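Read through the structure below, which is laid out as structure tokens, and then see the notes.
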Amino acid sequence: MLEDDLEDLYENAPCGHLSTLLDGTIAKINGTLLTWLGYRREELVGRRRFSDLLTGGGRIYHETHFAPMLAMRGEIGGVALDLRTKDGVRMPVLVTSVVKAGSEGQPQLIRTAIFDATMRRSYERELLSARKAAEREDERLRHLVGKLQRSLLPAVLQTPPGLESAAYYRAASTDEVGGDFYDLFPLEDGRWGFFLGDVSGKGVEAAAVTALARYTLRAATVYNPDPAAALHNLNTVLWQEYRQDARYCTVVSGILTPTPGGNGFTAIIASGGHPEPLLLRADGSVHYHPTKGRIVGAFPNSRYTNTTVVANPGDTLLLYSDGLTEARPPSSETADGRYGTAALARFAHSLAPTNATTVVAAVTELLRTFGAGLNDDTAILAISAPPA
């Protein structure tokens with residue numbers, strides 16, 4: 001055999017070997033461990049305990065955890081400790097110990113194998129450093145995503161005189177910019193423009209389309225306060241800019257005129273493939289306002305038409321994106337597991353009559369109950385006329 005000298009195998013093993021009495025006094029130690037520590041054999045055998053070779057923190061851990069567990073189990077393995085060499089250098093090691101018992105089962109001594117963990121500890125530090133760097137980068141990314149997302153929404157939601165308004169946006173992910181957007185803004189003649197939309201896709205590309213859609217709609221509405229014309233302009237812009245990339249959006253756009261004397265408002269609305277607005281009446285009834293129109297930016301010559309909504313005192317108009325109705329809550333009555341428009345109508349009916357602030361707060365709380373079932377961004381915009 002190439003390896004038949006057991007003494008040499010013990011002395012020059014690729015790991016340290018140590019035998020101690022039950023009180024920890026060193027009874028035998030191999031040459032490998034002596035070389036690592038820089039001691040002579042006579043300096044340790046019968047003179048020092050194993051715990052004396054450990055750092056301060058290692059000794060505390062040895063006395064409070066390592067030794068009691070070893071006495072209880074008879075063996076303990078793979079414990080990370082730090083040895084202190086003769087010249088004071090800290091040496092990371094992995095320690096495995098077993099209790100050798102006599103013929104009658106009584107413990108006699110402790111055998112310990114010690115493995116140099118310097119490279120492993122260095123690798124672990126590198127991994128930890130890389131993990132912290134990745135966490136910092138993730139945090140920076142989330143900060144940038146949040147900042148970009150906020151730039152796509154109005155900093156402060158304005159409210160027409162004599163009316164109430166409220167809005168809410170919930171991002172499905174903190175790592176990607178969503179494509180939902182909304183706005184409510186005054187025009188020169190006392191009327192107000194508003195819209196709520198949903199761009200296809202997510203990320204930076206969707207954010208670019210969102211910014212283009214929002215500012216195009218706002219500029220088109222200021223120039224010509226006609227919702228159908230504004231959608232037609234947006235459709236032309238998106239088709240010319242993104243027809244090769246198939247970027248499009250759904251959106252509902254409107255012009256709101258407060259009724260004199262605080263008696264509600266009239267809204268002229270056009271829709272481009274967006275979910276129908278929901279009207280919550282003061283008498284407790286709820287119904288969807290029918291709208292028609294192709295999605296915006298997908299076809300070159302889409303046409304849009306206006307419809308009129310008359311909101312009386314106590315009525316609330318609710319706009320929302322399909323992230324709400326297409327969510328998959330833990331319990332759903334629909335065949336495909338989605339929340340659906342029927343469930344939303346029932347939920348709204350339980351609130352009516354209500355106002356903008358209350359309905360947005362209620363829907364916000366509803367979204368929280370969906371948990372992981374809310375897998376798309378959701379925007380909500382409500383406008384209400386106070387009761388007479």
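Ordering of the structure tokens sets the chain letters (A, B, ...), residue numbers begin anew at 1 in every chain, and ligands are numbered from 1 in the order given.
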
ask   = Near Thr210 of chain A, counting only C-alpha atoms, which residues have an atom at most 9 Å away, once you skip same-chain residues fewer than 5 positions from it, shown as number ranges by chain?
value = A: 152, 178-181, 197-199, 205, 215, 249

task = Would you list the contacts of segment 58-65 of chain A as a ChimeraX atom specification, taking every protein, DNA or RNA residue within 12 Å and counting only C-alpha atoms, but skipping same-chain residues closer than 2 positions in sequence?
result = /A:23-24,49-56,67-73,76,79-84,90-95,97

task = Quick one: everything within 8 Å of segment 35-42 of chain A, counting only C-alpha atoms, minus sequence neighbours fewer than 5 positions away in the same chain. Send it as a PyMOL selection string.
result = chain A and resi 29+47+84-87

query = Hey, can you check how far atom CA of Thr259 of chain A sits from atom CA of Thr308 of chain A?
reply =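 Atom CA of Thr308 of chain A lies at a distance of 13.7 Å from atom CA of Thr259 of chain A.
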
request  = Determine the nearest neighbour of Leu187 of chain A from the options A:Pro225, A:Gly102, A:Gly57, A:Pro275, counting only C-alpha atoms.
outcome  =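 Residue with the minimum atom-to-atom distance to Leu187 of chain A: A:Pro225.
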
inquiry  = DSSP on the backbone: which residues in segment 133-279 of chain A end up as alpha helix (DSSP H)? Give the answer as a ChimeraX atom specification.
reply    = /A:133-151,203-223,227-242

query = What separation in Å, quoted to one decimal, exists between atom CA of Tyr223 of chain A and atom CA of His289 of chain A?
reply = 26.2 Å

key: Residue among A:Ala229, A:Val98, A:Val360, A:Val45 lying closest to Phe66 of chain A, counting only C-alpha atoms   = A:Val98

ask   = If you count only C-alpha atoms, which residues fall within 8 Å of segment 328-344 of chain A, apart from same-chain ones fewer than 6 positions away, as a list in words?
value =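 Near segment 328-344 of chain A, the qualifying residues are Thr369, Phe370, Gly371, Ala372, Gly373 and Leu374 of chain A.
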
query = Residues of segment 68-248 of chain A in strand (DSSP E) according to DSSP, as a ChimeraX atom specification?
reply = /A:75-84,90-101,107-116,164-170,180-186,192-199

task = Write out as a PyMOL selection string each polymer residue whose atoms come within 9 Å of Glu11 of chain A, counting only C-alpha atoms; drop sequence neighbours fewer than 4 positions from it.
result = chain A and resi 6-7+16-17+29-33

Residues as selected, all heavy atoms, written as an mmCIF file, in the first residue's frame, can you do that?
data_model
loop_
_atom_site.group_PDB
_atom_site.id
_atom_site.type_symbol
_atom_site.label_atom_id
_atom_site.label_comp_id
_atom_site.auth_asym_id
_atom_site.auth_seq_id
_atom_site.Cartn_x
_atom_site.Cartn_y
_atom_site.Cartn_z
ATOM 1 N N LEU A 6 0.557 4.688 9.711
ATOM 2 C CA LEU A 6 -0.569 5.323 10.382
ATOM 3 C C LEU A 6 -0.128 6.525 11.210
ATOM 4 O O LEU A 6 -0.852 7.517 11.314
ATOM 5 C CB LEU A 6 -1.284 4.296 11.276
ATOM 6 C CG LEU A 6 -1.912 3.104 10.549
ATOM 7 C CD1 LEU A 6 -2.621 2.186 11.544
ATOM 8 C CD2 LEU A 6 -2.884 3.590 9.491
ATOM 9 N N GLU A 7 1.055 6.455 11.797
ATOM 10 C CA GLU A 7 1.536 7.577 12.592
ATOM 11 C C GLU A 7 1.782 8.801 11.713
ATOM 12 O O GLU A 7 1.428 9.935 12.077
ATOM 13 C CB GLU A 7 2.822 7.188 13.328
ATOM 14 C CG GLU A 7 3.356 8.265 14.256
ATOM 15 C CD GLU A 7 2.395 8.580 15.405
ATOM 16 O OE1 GLU A 7 1.580 7.699 15.767
ATOM 17 O OE2 GLU A 7 2.454 9.723 15.924
ATOM 18 N N GLY A 16 -6.302 19.230 11.227
ATOM 19 C CA GLY A 16 -5.753 19.127 12.567
ATOM 20 C C GLY A 16 -6.473 18.065 13.375
ATOM 21 O O GLY A 16 -7.695 17.892 13.245
ATOM 22 N N HIS A 17 -5.709 17.305 14.165
ATOM 23 C CA HIS A 17 -6.288 16.311 15.067
ATOM 24 C C HIS A 17 -5.894 16.653 16.498
ATOM 25 O O HIS A 17 -4.747 17.022 16.779
ATOM 26 C CB HIS A 17 -5.813 14.901 14.719
ATOM 27 C CG HIS A 17 -6.461 14.344 13.492
ATOM 28 N ND1 HIS A 17 -7.797 14.058 13.432
ATOM 29 C CD2 HIS A 17 -5.939 14.027 12.272
ATOM 30 C CE1 HIS A 17 -8.085 13.582 12.238
ATOM 31 N NE2 HIS A 17 -6.973 13.557 11.508
ATOM 32 N N ILE A 29 -1.874 15.960 20.092
ATOM 33 C CA ILE A 29 -2.116 16.917 19.018
ATOM 34 C C ILE A 29 -1.208 16.565 17.854
ATOM 35 O O ILE A 29 -0.059 16.141 18.060
ATOM 36 C CB ILE A 29 -1.867 18.363 19.503
ATOM 37 C CG1 ILE A 29 -2.240 19.370 18.428
ATOM 38 C CG2 ILE A 29 -0.449 18.549 19.967
ATOM 39 C CD1 ILE A 29 -2.216 20.821 18.925
ATOM 40 N N ASN A 30 -1.690 16.667 16.639
ATOM 41 C CA ASN A 30 -0.861 16.274 15.491
ATOM 42 C C ASN A 30 -0.028 17.442 14.967
ATOM 43 O O ASN A 30 -0.245 18.616 15.330
ATOM 44 C CB ASN A 30 -1.709 15.656 14.377
ATOM 45 C CG ASN A 30 -2.529 16.682 13.614
ATOM 46 O OD1 ASN A 30 -2.761 17.782 14.093
ATOM 47 N ND2 ASN A 30 -2.986 16.287 12.432
ATOM 48 N N GLY A 31 0.923 17.117 14.126
ATOM 49 C CA GLY A 31 1.851 18.114 13.615
ATOM 50 C C GLY A 31 1.182 19.169 12.753
ATOM 51 O O GLY A 31 1.619 20.328 12.723
ATOM 52 N N THR A 32 0.159 18.778 12.039
ATOM 53 C CA THR A 32 -0.536 19.739 11.177
ATOM 54 C C THR A 32 -1.087 20.904 11.991
ATOM 55 O O THR A 32 -0.892 22.076 11.659
ATOM 56 C CB THR A 32 -1.678 19.045 10.409
ATOM 57 O OG1 THR A 32 -1.137 17.999 9.606
ATOM 58 C CG2 THR A 32 -2.417 20.036 9.525
ATOM 59 N N LEU A 33 -1.774 20.595 13.097
ATOM 60 C CA LEU A 33 -2.357 21.635 13.926
ATOM 61 C C LEU A 33 -1.280 22.460 14.618
ATOM 62 O O LEU A 33 -1.418 23.681 14.773
ATOM 63 C CB LEU A 33 -3.314 21.014 14.947
ATOM 64 C CG LEU A 33 -4.139 21.982 15.792
ATOM 65 C CD1 LEU A 33 -4.917 22.961 14.905
ATOM 66 C CD2 LEU A 33 -5.107 21.220 16.696
#

Distance of atom CA of Thr378 of chain A from atom CA of Val177 of chain A, expressed in Å to one decimal place = 12.2 Å

I want to know what sits within 6 Å of Ala27 of chain A, based on only C-alpha atoms, with residues of the same chain fewer than 3 positions away left out; could you give that as a PDB file with C-alpha atoms, in the first residue's frame?
ATOM      1  CA  SER A  19      -7.411  14.577  21.711  1.00  0.00           C
ATOM      2  CA  THR A  20      -8.386  16.084  25.054  1.00  0.00           C
ATOM      3  CA  VAL A  45       0.163  18.797  25.742  1.00  0.00           C
ATOM      4  CA  GLY A  46      -0.781  18.530  29.407  1.00  0.00           C
TER       5      GLY A  46
END
